[in-house]
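> So here's entry.tsv (TSV, C-alpha atoms).
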chain	number	residue	atom	x	y	z
O	181	MET	CA	0.00	0.00	0.00
O	182	VAL	CA	1.33	3.45	-0.96
O	183	GLU	CA	1.41	5.82	2.02
O	184	SER	CA	-0.02	9.30	1.46
O	185	ARG	CA	1.37	12.47	3.03
O	186	PRO	CA	-0.46	15.37	4.68
O	187	LEU	CA	-0.70	18.53	2.60
O	188	GLY	CA	1.96	20.23	4.71
O	189	ILE	CA	1.07	23.92	4.43
O	190	LYS	CA	-1.66	25.55	6.48
O	191	PRO	CA	-4.50	27.04	4.40
O	192	GLU	CA	-3.97	30.57	5.75
O	193	GLN	CA	-0.45	30.57	4.29
O	194	TYR	CA	-2.10	30.84	0.86
O	195	PHE	CA	-3.90	34.11	1.61
O	196	SER	CA	-2.25	35.72	4.64
O	197	GLU	CA	-0.82	39.20	3.95
O	198	SER	CA	1.85	38.83	6.63
O	199	TRP	CA	2.91	35.41	5.35
O	200	PHE	CA	3.12	36.71	1.79
O	201	SER	CA	5.28	39.62	2.92
O	202	ALA	CA	7.65	37.24	4.72
O	203	GLU	CA	7.90	35.05	1.63
O	204	GLN	CA	8.69	38.04	-0.58
O	205	SER	CA	11.52	38.96	1.76
O	206	LEU	CA	12.92	35.44	1.57
O	207	LEU	CA	12.71	35.40	-2.23
O	208	GLU	CA	14.56	38.65	-2.66
O	209	ASN	CA	17.16	38.25	0.09
O	210	THR	CA	17.89	34.52	0.41
O	211	LEU	CA	17.76	32.69	-2.91
O	212	TRP	CA	19.24	32.56	-6.36
O	213	ASN	CA	16.33	33.58	-8.61
O	214	PHE	CA	15.96	32.85	-12.31
O	215	ALA	CA	15.96	36.18	-14.17
O	216	GLY	CA	16.04	35.48	-17.92
O	217	LEU	CA	18.14	34.14	-20.76
O	218	VAL	CA	21.58	35.20	-21.94
O	219	ARG	CA	20.05	36.03	-25.33
O	220	ASP	CA	17.79	38.60	-23.65
O	221	VAL	CA	20.84	40.80	-22.97
O	222	ALA	CA	23.17	39.64	-25.74
O	223	GLY	CA	24.25	43.03	-27.10
O	224	ASP	CA	26.12	45.93	-25.55
O	225	ASN	CA	23.70	48.06	-23.48
O	226	ASP	CA	20.88	45.52	-23.82
O	227	PHE	CA	18.87	45.41	-20.62
O	228	LEU	CA	16.22	43.28	-18.94
O	229	THR	CA	14.08	44.32	-15.99
O	230	VAL	CA	12.72	41.57	-13.73
O	231	PRO	CA	10.70	41.45	-10.49
O	232	ILE	CA	12.40	39.58	-7.63
O	233	GLY	CA	10.17	39.46	-4.58
O	234	SER	CA	8.97	43.00	-3.99
O	235	LYS	CA	11.92	44.50	-5.87
O	236	SER	CA	12.64	45.39	-9.47
O	237	VAL	CA	16.09	44.40	-10.75
O	238	ILE	CA	17.93	45.52	-13.90
O	239	LEU	CA	20.24	43.16	-15.79
O	240	GLN	CA	22.39	45.03	-18.30
O	241	ASN	CA	25.12	44.09	-20.75
O	242	PHE	CA	28.22	46.28	-20.41
O	243	LYS	CA	30.46	45.40	-23.35
O	244	GLY	CA	29.86	41.69	-22.92
O	245	GLU	CA	29.66	41.56	-19.12
O	246	ILE	CA	26.22	41.20	-17.56
O	247	ARG	CA	25.65	43.10	-14.32
O	248	ALA	CA	22.53	43.49	-12.14
O	249	PHE	CA	21.36	46.35	-9.95
O	250	ASP	CA	18.32	47.53	-8.04
O	251	ASN	CA	16.07	49.39	-10.46
O	252	VAL	CA	16.15	52.50	-8.25
O	253	CYS	CA	18.16	55.66	-8.89
O	254	ALA	CA	20.43	56.60	-5.98
O	255	HIS	CA	19.58	60.29	-6.39
O	256	ARG	CA	15.82	60.68	-5.85
O	257	PHE	CA	14.72	57.02	-6.07
O	258	SER	CA	12.98	56.99	-9.43
O	259	ARG	CA	12.73	53.68	-11.26
O	260	ILE	CA	15.47	53.74	-13.87
O	261	ARG	CA	13.81	51.31	-16.27
O	262	ALA	CA	10.07	51.39	-16.90
O	263	CYS	CA	9.96	48.68	-19.60
O	264	GLU	CA	10.88	45.01	-19.52
O	265	ARG	CA	13.52	45.01	-22.27
O	266	GLY	CA	15.46	47.46	-24.38
O	267	ASN	CA	18.82	48.96	-25.19
O	268	GLY	CA	20.50	52.10	-23.92
O	269	LEU	CA	22.75	53.62	-21.32
O	270	LEU	CA	21.87	52.97	-17.69
O	271	ARG	CA	20.32	56.43	-17.38
O	272	CYS	CA	17.68	57.61	-14.92
O	273	PRO	CA	14.78	59.33	-16.74
O	274	TYR	CA	14.21	61.84	-13.92
O	275	HIS	CA	17.48	63.84	-13.75
O	276	SER	CA	19.54	61.92	-16.32
O	277	TRP	CA	22.13	60.41	-14.00
O	278	VAL	CA	24.09	57.80	-15.96
O	279	TYR	CA	25.62	54.76	-14.22
O	280	ASN	CA	28.54	52.57	-15.28
O	281	SER	CA	29.10	48.82	-14.95
O	282	GLU	CA	29.98	49.25	-11.26
O	283	GLY	CA	26.74	51.11	-10.60
O	284	VAL	CA	28.61	54.37	-10.03
O	285	PRO	CA	27.07	57.59	-11.46
O	286	VAL	CA	29.63	58.69	-14.03
O	287	SER	CA	27.52	61.45	-15.54
O	288	ILE	CA	25.63	63.85	-13.26
O	289	PRO	CA	24.23	66.92	-15.04
O	290	SER	CA	25.46	70.18	-13.47
O	291	ASN	CA	27.41	68.20	-10.89
O	292	GLU	CA	29.89	71.01	-10.20
O	293	ASN	CA	27.20	73.56	-9.37
O	294	ALA	CA	24.49	71.26	-7.96
O	295	PHE	CA	26.46	68.71	-5.88
O	296	GLY	CA	30.21	69.03	-6.23
O	297	PHE	CA	30.62	65.25	-5.97
O	298	ASP	CA	34.19	63.97	-6.32
O	299	ALA	CA	35.02	60.33	-7.11
O	300	VAL	CA	34.51	59.23	-3.50
O	301	ALA	CA	31.11	60.91	-3.26
O	302	ARG	CA	30.04	59.45	-6.59
O	303	ALA	CA	30.93	55.96	-5.35
O	304	GLN	CA	28.86	56.59	-2.23
O	305	HIS	CA	25.86	57.10	-4.50
O	306	SER	CA	26.25	53.80	-6.34
O	307	LEU	CA	23.35	51.52	-7.21
O	308	LYS	CA	22.81	48.45	-5.06
O	309	ARG	CA	24.39	45.58	-6.97
O	310	TRP	CA	23.17	41.97	-7.28
O	311	ARG	CA	25.26	38.93	-8.13
O	312	VAL	CA	24.71	37.44	-11.59
O	313	GLU	CA	25.64	33.88	-12.57
O	314	GLN	CA	24.54	31.64	-15.38
O	315	CYS	CA	23.73	28.01	-15.97
O	316	GLY	CA	24.05	27.59	-19.69
O	317	GLU	CA	21.50	30.00	-21.20
O	318	LEU	CA	19.79	30.59	-17.85
O	319	LEU	CA	20.63	33.75	-15.90
O	320	PHE	CA	20.18	33.89	-12.12
O	321	VAL	CA	20.55	36.75	-9.65
O	322	CYS	CA	21.12	36.80	-5.90
O	323	ALA	CA	21.11	39.77	-3.51
O	324	ASP	CA	23.41	38.08	-0.97
O	325	HIS	CA	27.06	38.64	-1.91
O	326	ALA	CA	28.17	36.13	0.71
O	327	ALA	CA	26.01	33.38	-0.76
O	328	ARG	CA	27.45	30.18	-2.13
O	329	ASN	CA	27.68	30.12	-5.91
O	330	LEU	CA	24.90	29.09	-8.28
O	331	ARG	CA	26.44	25.73	-9.13
O	332	SER	CA	26.49	24.76	-5.48
O	333	PHE	CA	22.97	26.09	-4.98
O	334	LEU	CA	21.50	24.08	-7.88
O	335	GLY	CA	23.43	20.94	-6.93
O	336	ASP	CA	23.82	17.90	-9.16
O	337	MET	CA	21.13	19.05	-11.59
O	338	PHE	CA	23.23	22.04	-12.64
O	339	GLU	CA	24.75	20.11	-15.54
O	340	GLU	CA	21.37	18.78	-16.67
O	341	LEU	CA	19.82	22.26	-16.70
O	342	GLU	CA	22.89	23.63	-18.44
O	343	ALA	CA	22.59	21.04	-21.21
O	344	LEU	CA	18.84	21.56	-21.58
O	345	SER	CA	19.13	25.35	-21.73
O	346	ASN	CA	21.80	25.08	-24.41
O	347	CYS	CA	19.23	23.25	-26.58
O	348	LEU	CA	16.95	26.29	-26.76
O	349	GLY	CA	16.68	27.53	-30.33
O	350	ASN	CA	14.23	29.91	-31.99
O	351	GLU	CA	11.49	31.36	-29.79
O	352	MET	CA	8.09	30.31	-31.17
O	353	ASP	CA	5.60	31.80	-28.73
O	354	VAL	CA	5.39	33.95	-25.61
O	355	PHE	CA	2.43	34.96	-23.50
O	356	SER	CA	1.39	35.75	-19.97
O	357	PHE	CA	-1.73	36.13	-17.83
O	358	GLU	CA	-2.73	36.42	-14.20
O	359	TYR	CA	-3.95	33.67	-11.92
O	360	GLU	CA	-6.30	34.76	-9.14
O	361	ALA	CA	-4.42	32.37	-6.88
O	362	ASN	CA	-1.47	32.28	-4.52
O	363	TRP	CA	1.88	31.53	-6.14
O	364	LYS	CA	2.31	28.31	-4.14
O	365	ILE	CA	-0.93	26.90	-5.59
O	366	CYS	CA	0.34	27.68	-9.09
O	367	VAL	CA	3.71	26.02	-8.47
O	368	GLU	CA	2.12	23.00	-6.79
O	369	ASN	CA	-0.08	22.51	-9.83
O	370	THR	CA	2.97	22.22	-12.11
O	371	LEU	CA	4.36	19.54	-9.77
O	372	ASP	CA	1.15	17.49	-9.81
O	373	GLU	CA	1.04	14.59	-12.26
O	374	TYR	CA	-2.18	13.31	-10.66
O	375	HIS	CA	-4.37	16.03	-12.20
O	376	ALA	CA	-3.03	15.82	-15.75
O	377	THR	CA	-5.60	13.47	-17.28
O	378	PHE	CA	-8.58	15.03	-15.50
O	379	VAL	CA	-7.93	18.74	-16.00
O	380	HIS	CA	-6.34	18.35	-19.47
O	381	PRO	CA	-8.61	15.93	-21.41
O	382	THR	CA	-7.52	17.00	-24.91
O	383	THR	CA	-3.81	17.51	-24.30
O	384	PHE	CA	-2.07	15.45	-21.61
O	385	ARG	CA	-4.72	12.71	-21.33
O	386	PRO	CA	-4.17	11.31	-24.85
O	387	MET	CA	-0.43	11.98	-24.65
O	388	LEU	CA	0.84	10.52	-21.36
O	389	SER	CA	0.78	6.77	-20.72
O	390	GLY	CA	1.13	7.03	-16.92
O	391	GLY	CA	4.72	5.90	-16.32
O	392	PHE	CA	6.52	8.53	-14.21
O	393	THR	CA	10.15	8.55	-13.07
O	394	TYR	CA	11.08	11.09	-10.39
O	395	GLY	CA	14.35	12.73	-9.43
O	396	TYR	CA	15.36	15.16	-6.69
O	397	ASP	CA	18.36	17.22	-5.70
O	398	ARG	CA	18.28	19.86	-2.98
O	399	LEU	CA	15.68	22.41	-4.08
O	400	LEU	CA	15.10	20.96	-7.56
O	401	SER	CA	12.88	18.16	-8.79
O	402	LYS	CA	12.15	16.51	-12.12
O	403	VAL	CA	9.80	14.00	-13.65
O	404	GLU	CA	10.06	12.03	-16.87
O	405	ALA	CA	6.89	10.56	-18.33
O	406	SER	CA	6.40	7.94	-21.01
O	407	VAL	CA	3.97	8.77	-23.80
O	408	THR	CA	1.26	6.68	-25.41
O	409	ASP	CA	1.82	4.45	-28.43
O	410	GLU	CA	-0.48	6.69	-30.47
O	411	THR	CA	1.61	9.74	-29.60
O	412	GLN	CA	4.79	7.87	-30.51
O	413	LYS	CA	3.24	6.84	-33.80
O	414	SER	CA	2.20	10.39	-34.64
O	415	TRP	CA	5.64	11.69	-33.71
O	416	GLY	CA	7.33	9.03	-35.85
O	417	ARG	CA	6.04	10.73	-38.98
O	418	LEU	CA	7.92	13.92	-38.03
O	419	GLU	CA	11.08	12.45	-36.52
O	420	LYS	CA	13.07	12.67	-39.77
O	421	PHE	CA	12.72	16.46	-39.82
O	422	PHE	CA	14.15	16.82	-36.31
O	423	ALA	CA	16.82	14.11	-36.28
O	424	ALA	CA	19.62	16.68	-35.88
O	425	ARG	CA	18.34	17.96	-32.54
O	426	PRO	CA	20.93	17.60	-29.73
O	427	LEU	CA	18.57	15.99	-27.20
O	428	LYS	CA	16.96	12.84	-28.57
O	429	THR	CA	14.36	11.43	-26.23
O	430	ASP	CA	11.03	9.66	-26.66
O	431	THR	CA	9.49	11.06	-23.47
O	432	TYR	CA	8.04	14.17	-21.88
O	433	PHE	CA	10.06	15.69	-19.03
O	434	HIS	CA	9.60	18.55	-16.59
O	435	TYR	CA	12.13	20.27	-14.31
O	436	ALA	CA	11.16	22.51	-11.40
O	437	VAL	CA	13.78	25.04	-10.29
O	438	PHE	CA	12.80	26.25	-6.83
O	439	PRO	CA	10.98	28.38	-6.24
O	440	LEU	CA	9.34	29.90	-9.34
O	441	THR	CA	10.64	28.39	-12.58
O	442	THR	CA	9.96	25.28	-14.67
O	443	LEU	CA	11.42	23.92	-17.90
O	444	ALA	CA	9.65	21.17	-19.86
O	445	SER	CA	10.01	19.43	-23.21
O	446	THR	CA	8.40	16.76	-25.35
O	447	PHE	CA	10.81	14.60	-27.35
O	448	GLY	CA	13.51	17.27	-26.93
O	449	VAL	CA	11.95	19.11	-29.87
O	450	ASN	CA	10.17	22.01	-28.22
O	451	PHE	CA	10.94	23.52	-24.83
O	452	SER	CA	8.56	25.42	-22.57
O	453	LEU	CA	10.02	27.81	-19.98
O	454	GLN	CA	7.65	29.07	-17.28
O	455	THR	CA	8.02	31.58	-14.48
O	456	PHE	CA	5.60	32.62	-11.74
O	457	VAL	CA	5.68	36.14	-10.31
O	458	PRO	CA	3.92	36.52	-6.93
O	459	GLN	CA	1.94	39.78	-6.97
O	460	SER	CA	-0.27	39.49	-3.90
O	461	PRO	CA	-1.43	36.69	-1.59
O	462	ARG	CA	-4.20	35.91	-4.09
O	463	ARG	CA	-2.66	36.88	-7.42
O	464	THR	CA	0.22	35.48	-9.48
O	465	LEU	CA	1.54	36.58	-12.86
O	466	PHE	CA	2.33	33.61	-15.12
O	467	LYS	CA	4.80	33.92	-17.99
O	468	THR	CA	5.71	31.27	-20.54
O	469	ARG	CA	8.10	31.12	-23.49
O	470	LEU	CA	8.10	28.35	-26.10
O	471	PHE	CA	11.26	27.44	-28.02
O	472	LEU	CA	12.16	25.12	-30.85
O	473	SER	CA	15.25	23.00	-30.33
O	474	LYS	CA	18.58	24.00	-31.81
O	475	PHE	CA	19.95	21.66	-34.46
O	476	GLU	CA	23.44	20.20	-34.54
O	477	ASP	CA	23.98	20.96	-38.23
O	478	GLY	CA	22.62	24.49	-37.83
O	479	ARG	CA	19.86	23.94	-40.37
O	480	LEU	CA	16.20	24.26	-39.50
O	481	PRO	CA	13.58	21.76	-40.75
O	482	PRO	CA	11.35	22.97	-43.61
O	483	ALA	CA	9.61	26.25	-42.77
O	484	GLY	CA	6.17	24.71	-43.16
O	485	VAL	CA	6.97	21.93	-40.71
O	486	VAL	CA	8.40	24.38	-38.16
O	487	LYS	CA	5.37	26.66	-38.50
O	488	ALA	CA	2.93	23.78	-38.06
O	489	LEU	CA	4.83	22.43	-35.05
O	490	GLY	CA	5.03	25.88	-33.49
O	491	GLN	CA	1.31	26.47	-33.90
O	492	SER	CA	0.46	23.03	-32.53
O	493	ALA	CA	2.78	23.38	-29.53
O	494	ALA	CA	1.54	26.91	-28.78
O	495	GLU	CA	-2.10	25.81	-28.92
O	496	PHE	CA	-1.28	22.83	-26.68
O	497	ASN	CA	0.43	25.06	-24.12
O	498	ARG	CA	-2.22	27.76	-24.12
O	499	THR	CA	-4.97	25.17	-23.64
O	500	VAL	CA	-3.08	23.55	-20.76
O	501	PHE	CA	-2.29	26.80	-18.98
O	502	LEU	CA	-5.80	28.20	-19.25
O	503	GLU	CA	-7.15	24.96	-17.77
O	504	ASP	CA	-4.54	25.23	-15.02
O	505	LYS	CA	-5.59	28.83	-14.38
O	506	PHE	CA	-9.19	27.75	-13.83
O	507	ILE	CA	-8.37	24.92	-11.44
O	508	CYS	CA	-5.79	26.93	-9.46
O	509	GLU	CA	-8.38	29.63	-8.90
O	510	GLN	CA	-10.86	27.02	-7.68
O	511	VAL	CA	-8.26	25.75	-5.20
O	512	GLN	CA	-7.67	29.29	-3.94
O	513	LEU	CA	-11.38	29.76	-3.32
O	514	GLY	CA	-11.62	26.42	-1.56
O	515	LEU	CA	-8.65	27.10	0.70
O	516	GLN	CA	-10.15	30.39	1.82
O	517	GLN	CA	-13.20	28.59	3.24
O	518	ASN	CA	-11.27	25.57	4.55
O	519	SER	CA	-12.56	24.56	7.96
O	520	GLY	CA	-9.79	22.44	9.38
O	521	LEU	CA	-9.25	19.87	6.60
O	522	THR	CA	-5.71	18.54	6.38
O	523	GLY	CA	-5.65	17.29	2.79
O	524	ALA	CA	-3.46	14.49	1.40
O	525	LEU	CA	-0.66	14.02	-1.12
O	526	GLY	CA	-0.41	10.74	-3.03
O	527	HIS	CA	2.34	9.08	-5.02
O	528	TYR	CA	1.75	11.22	-8.13
O	529	GLU	CA	1.97	14.40	-6.03
O	530	GLN	CA	5.27	13.58	-4.37
O	531	ARG	CA	7.06	16.57	-5.90
O	532	ILE	CA	4.64	18.83	-4.04
O	533	SER	CA	5.82	17.26	-0.80
O	534	HIS	CA	9.43	17.98	-1.81
O	535	PHE	CA	8.44	21.58	-2.58
O	536	HIS	CA	6.85	21.93	0.86
O	537	GLN	CA	9.98	20.57	2.53
O	538	ALA	CA	12.09	23.10	0.64
O	539	LEU	CA	9.78	25.90	1.77
O	540	ASP	CA	10.05	24.72	5.37
O	541	ARG	CA	13.86	24.76	5.18
O	542	ILE	CA	13.91	28.22	3.64
O	543	HIS	CA	11.52	29.62	6.25
O	544	ALA	CA	13.57	28.02	9.02
O	545	GLY	CA	16.77	29.51	7.63
O	546	ALA	CA	18.20	26.02	7.35
O	547	TRP	CA	18.66	25.91	3.57
O	548	GLY	CA	19.21	29.26	1.97
O	549	ALA	CA	21.81	30.47	-0.44
O	550	ARG	CA	24.52	30.29	2.23
O	551	THR	CA	24.00	26.68	3.28
O	552	SER	CA	26.27	23.96	2.03
O	553	GLY	CA	24.14	20.85	2.30
The structure given in the file should be rewritten as structure tokens.


Amino acid sequence: MVESRPLGIKPEQYFSESWFSAEQSLLENTLWNFAGLVRDVAGDNDFLTVPIGSKSVILQNFKGEIRAFDNVCAHRFSRIRACERGNGLLRCPYHSWVYNSEGVPVSIPSNENAFGFDAVARAQHSLKRWRVEQCGELLFVCADHAARNLRSFLGDMFEELEALSNCLGNEMDVFSFEYEANWKICVENTLDEYHATFVHPTTFRPMLSGGFTYGYDRLLSKVEASVTDETQKSWGRLEKFFAARPLKTDTYFHYAVFPLTTLASTFGVNFSLQTFVPQSPRRTLFKTRLFLSKFEDGRLPPAGVVKALGQSAAEFNRTVFLEDKFICEQVQLGLQQNSGLTGALGHYEQRISHFHQALDRIHAGAWGARTSG
């Protein structure tokens, strides 16, 4: 007999303002957080603005070196960047202070008459800097400069994520929407194989055959799922067009990078990268990007095949995520009227239990960016 586990998180932790505030502090001060892809800031002065906890963080390319800073001018505290992506000097729009790669204001209009800052004073008005490290194509930031490095933080799955991210080719689709649900509900849903055939009758139900293999390392988890014979047969007709892809697999797999990021693929042909952005105790912004695999010979399959695959994969993803949105919002409503139920986690929800354990360790200060084990 398979032993079930209790749910593990008290219902009020999904809608408590004070709990949400504490979690935001942990996200922005304790962890390495996924921020974007190297390609997002590939050129000189390319920038990317991302929310980390309650803060906004700028990643910017300075002649090939990517740096990250608080998105707050040191002069009068205006946001420096108002848009998500772009290109340009790190210049505040309010009084036109320009910052260099160290976050030091190197251009201050009328400095001699208005401030008289020398080099020391300029340095004292530097932007708060974040650490930036990468795992293949994946960029991560951390506010704690004493933290262990990203490789240590991600553990043994670092190499796997590095290899997967290096498979990402052309971007085929991108979209986002809001869940009226707590971020933990949204993440738990992505870790739940049990719901797949019930909530997703036209997508995952005919695709997955029910064989799941699980893996864990520190804060990360993964699952690999076998697909049905019919799905294999359908894919077989397309295999010849994608034979040069670097990752050849006949399964579906899904990686969860604690706390807010997932990376999934079917057959190693298309890759779906998701992030969750907590906005309030009852609201989460969901973002997803869909990529075609790179190809070892550098040549893409026929344009018509790529277009058809991209449309099919995008429709699949959008259907799945809208169904997930509905059910996550129903869970949020149910939790808010919960009257003492404890819930249960079965075998096909075991990654949720791992997620809860990671949350417990983070809240207890026993497994943050500084810890070694």

> Nearest to Pro481 in chain O: which of O:Ala423, O:Cys263, O:Leu443, O:Ile532 is it, counting only C-alpha atoms?

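For Pro481 in chain O, the nearest of the candidates is O:Ala423.
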
> In Å to one decimal, how far is CA of Leu453 in chain O from CA of Ile365 in chain O?

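These two atoms are separated by 18.1 Å.
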
> Identify, on the basis of only C-alpha atoms, every residue whose closest approach to range 455-467 of chain O does not exceed 10 Å; exclude the query and any residue fewer than 6 positions from it along the same chain; express the result as a PyMOL selection string.

chain O and resi 192-201+203-204+214-216+230-234+354-367+437+439-443+501+505+509+512-513

> Ranking O:Leu187, O:Ile260, O:Val312, O:Val500 by minimum distance to Ile246 in chain O and counting all atoms listed in the file, which one comes first?

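When distances to Ile246 in chain O are compared using all atoms listed in the file, the smallest one comes from O:Val312.
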
> Could you give me, as a PDB file with C-alpha atoms, in the coordinates of the input, the residues within 8 Å of Glu529 in chain O, counting all atoms listed in the file and dropping anything in the same chain fewer than 2 positions from it?


ATOM      1  CA  LEU O 371       4.360  19.540  -9.770  1.00  0.00           C
ATOM      2  CA  ASP O 372       1.150  17.490  -9.810  1.00  0.00           C
ATOM      3  CA  GLU O 373       1.040  14.590 -12.260  1.00  0.00           C
ATOM      4  CA  TYR O 374      -2.180  13.310 -10.660  1.00  0.00           C
ATOM      5  CA  LEU O 525      -0.660  14.020  -1.120  1.00  0.00           C
ATOM      6  CA  GLY O 526      -0.410  10.740  -3.030  1.00  0.00           C
ATOM      7  CA  HIS O 527       2.340   9.080  -5.020  1.00  0.00           C
ATOM      8  CA  ARG O 531       7.060  16.570  -5.900  1.00  0.00           C
ATOM      9  CA  ILE O 532       4.640  18.830  -4.040  1.00  0.00           C
ATOM     10  CA  SER O 533       5.820  17.260  -0.800  1.00  0.00           C
TER      11      SER O 533
END

> Take the point (21.4, 35.7, -2.9) in the file's coordinates, draw a sphere of radius 7 Å around it, and report as an NGL selection string every protein, DNA or RNA residue with an atom inside or on it, counting only C-alpha atoms.

:O and (209-212 or 321-325 or 327 or 549)

> Reconstruct N, CA and C atoms of range 472-496 of chain O; output as a compact mmCIF listing (two decimals), keeping the file's coordinate frame.


# COMPACT_ATOMS: atom_id res chain seq x y z
N LEU O 472 11.79 26.27 -30.04
CA LEU O 472 12.16 25.12 -30.85
C LEU O 472 13.58 24.72 -30.48
N SER O 473 13.89 23.45 -30.60
CA SER O 473 15.25 23.00 -30.33
C SER O 473 16.25 23.60 -31.31
N LYS O 474 17.48 23.75 -30.87
CA LYS O 474 18.58 24.00 -31.81
C LYS O 474 18.82 22.72 -32.60
N PHE O 475 19.63 22.83 -33.66
CA PHE O 475 19.95 21.66 -34.46
C PHE O 475 21.46 21.59 -34.68
N GLU O 476 21.99 20.38 -34.55
CA GLU O 476 23.44 20.20 -34.54
C GLU O 476 24.10 20.63 -35.83
N ASP O 477 23.39 20.54 -36.95
CA ASP O 477 23.98 20.96 -38.23
C ASP O 477 23.65 22.41 -38.55
N GLY O 478 22.94 23.08 -37.64
CA GLY O 478 22.62 24.49 -37.83
C GLY O 478 21.48 24.76 -38.78
N ARG O 479 20.93 23.74 -39.39
CA ARG O 479 19.86 23.94 -40.37
C ARG O 479 18.51 23.61 -39.76
N LEU O 480 17.55 24.48 -39.99
CA LEU O 480 16.20 24.26 -39.50
C LEU O 480 15.46 23.28 -40.41
N PRO O 481 14.47 22.56 -39.89
CA PRO O 481 13.58 21.76 -40.75
C PRO O 481 12.83 22.67 -41.71
N PRO O 482 12.10 22.13 -42.67
CA PRO O 482 11.35 22.97 -43.61
C PRO O 482 10.45 23.96 -42.87
N ALA O 483 10.35 25.17 -43.43
CA ALA O 483 9.61 26.25 -42.77
C ALA O 483 8.17 25.85 -42.46
N GLY O 484 7.55 25.13 -43.38
CA GLY O 484 6.17 24.71 -43.16
C GLY O 484 6.03 23.77 -41.98
N VAL O 485 6.99 22.88 -41.82
CA VAL O 485 6.97 21.93 -40.71
C VAL O 485 7.18 22.66 -39.39
N VAL O 486 8.13 23.60 -39.38
CA VAL O 486 8.40 24.38 -38.16
C VAL O 486 7.18 25.21 -37.79
N LYS O 487 6.55 25.84 -38.78
CA LYS O 487 5.37 26.66 -38.50
C LYS O 487 4.24 25.81 -37.93
N ALA O 488 4.00 24.64 -38.54
CA ALA O 488 2.93 23.78 -38.06
C ALA O 488 3.21 23.28 -36.66
N LEU O 489 4.47 22.90 -36.39
CA LEU O 489 4.83 22.43 -35.05
C LEU O 489 4.67 23.56 -34.03
N GLY O 490 5.13 24.75 -34.40
CA GLY O 490 5.03 25.88 -33.49
C GLY O 490 3.59 26.20 -33.14
N GLN O 491 2.72 26.20 -34.15
CA GLN O 491 1.31 26.47 -33.90
C GLN O 491 0.69 25.40 -33.02
N SER O 492 1.01 24.14 -33.31
CA SER O 492 0.46 23.03 -32.53
C SER O 492 0.92 23.09 -31.09
N ALA O 493 2.23 23.32 -30.88
CA ALA O 493 2.78 23.38 -29.53
C ALA O 493 2.22 24.57 -28.76
N ALA O 494 2.08 25.72 -29.44
CA ALA O 494 1.54 26.91 -28.78
C ALA O 494 0.09 26.69 -28.37
N GLU O 495 -0.70 26.09 -29.25
CA GLU O 495 -2.10 25.81 -28.92
C GLU O 495 -2.19 24.82 -27.76
N PHE O 496 -1.33 23.80 -27.77
CA PHE O 496 -1.28 22.83 -26.68
C PHE O 496 -1.01 23.55 -25.36
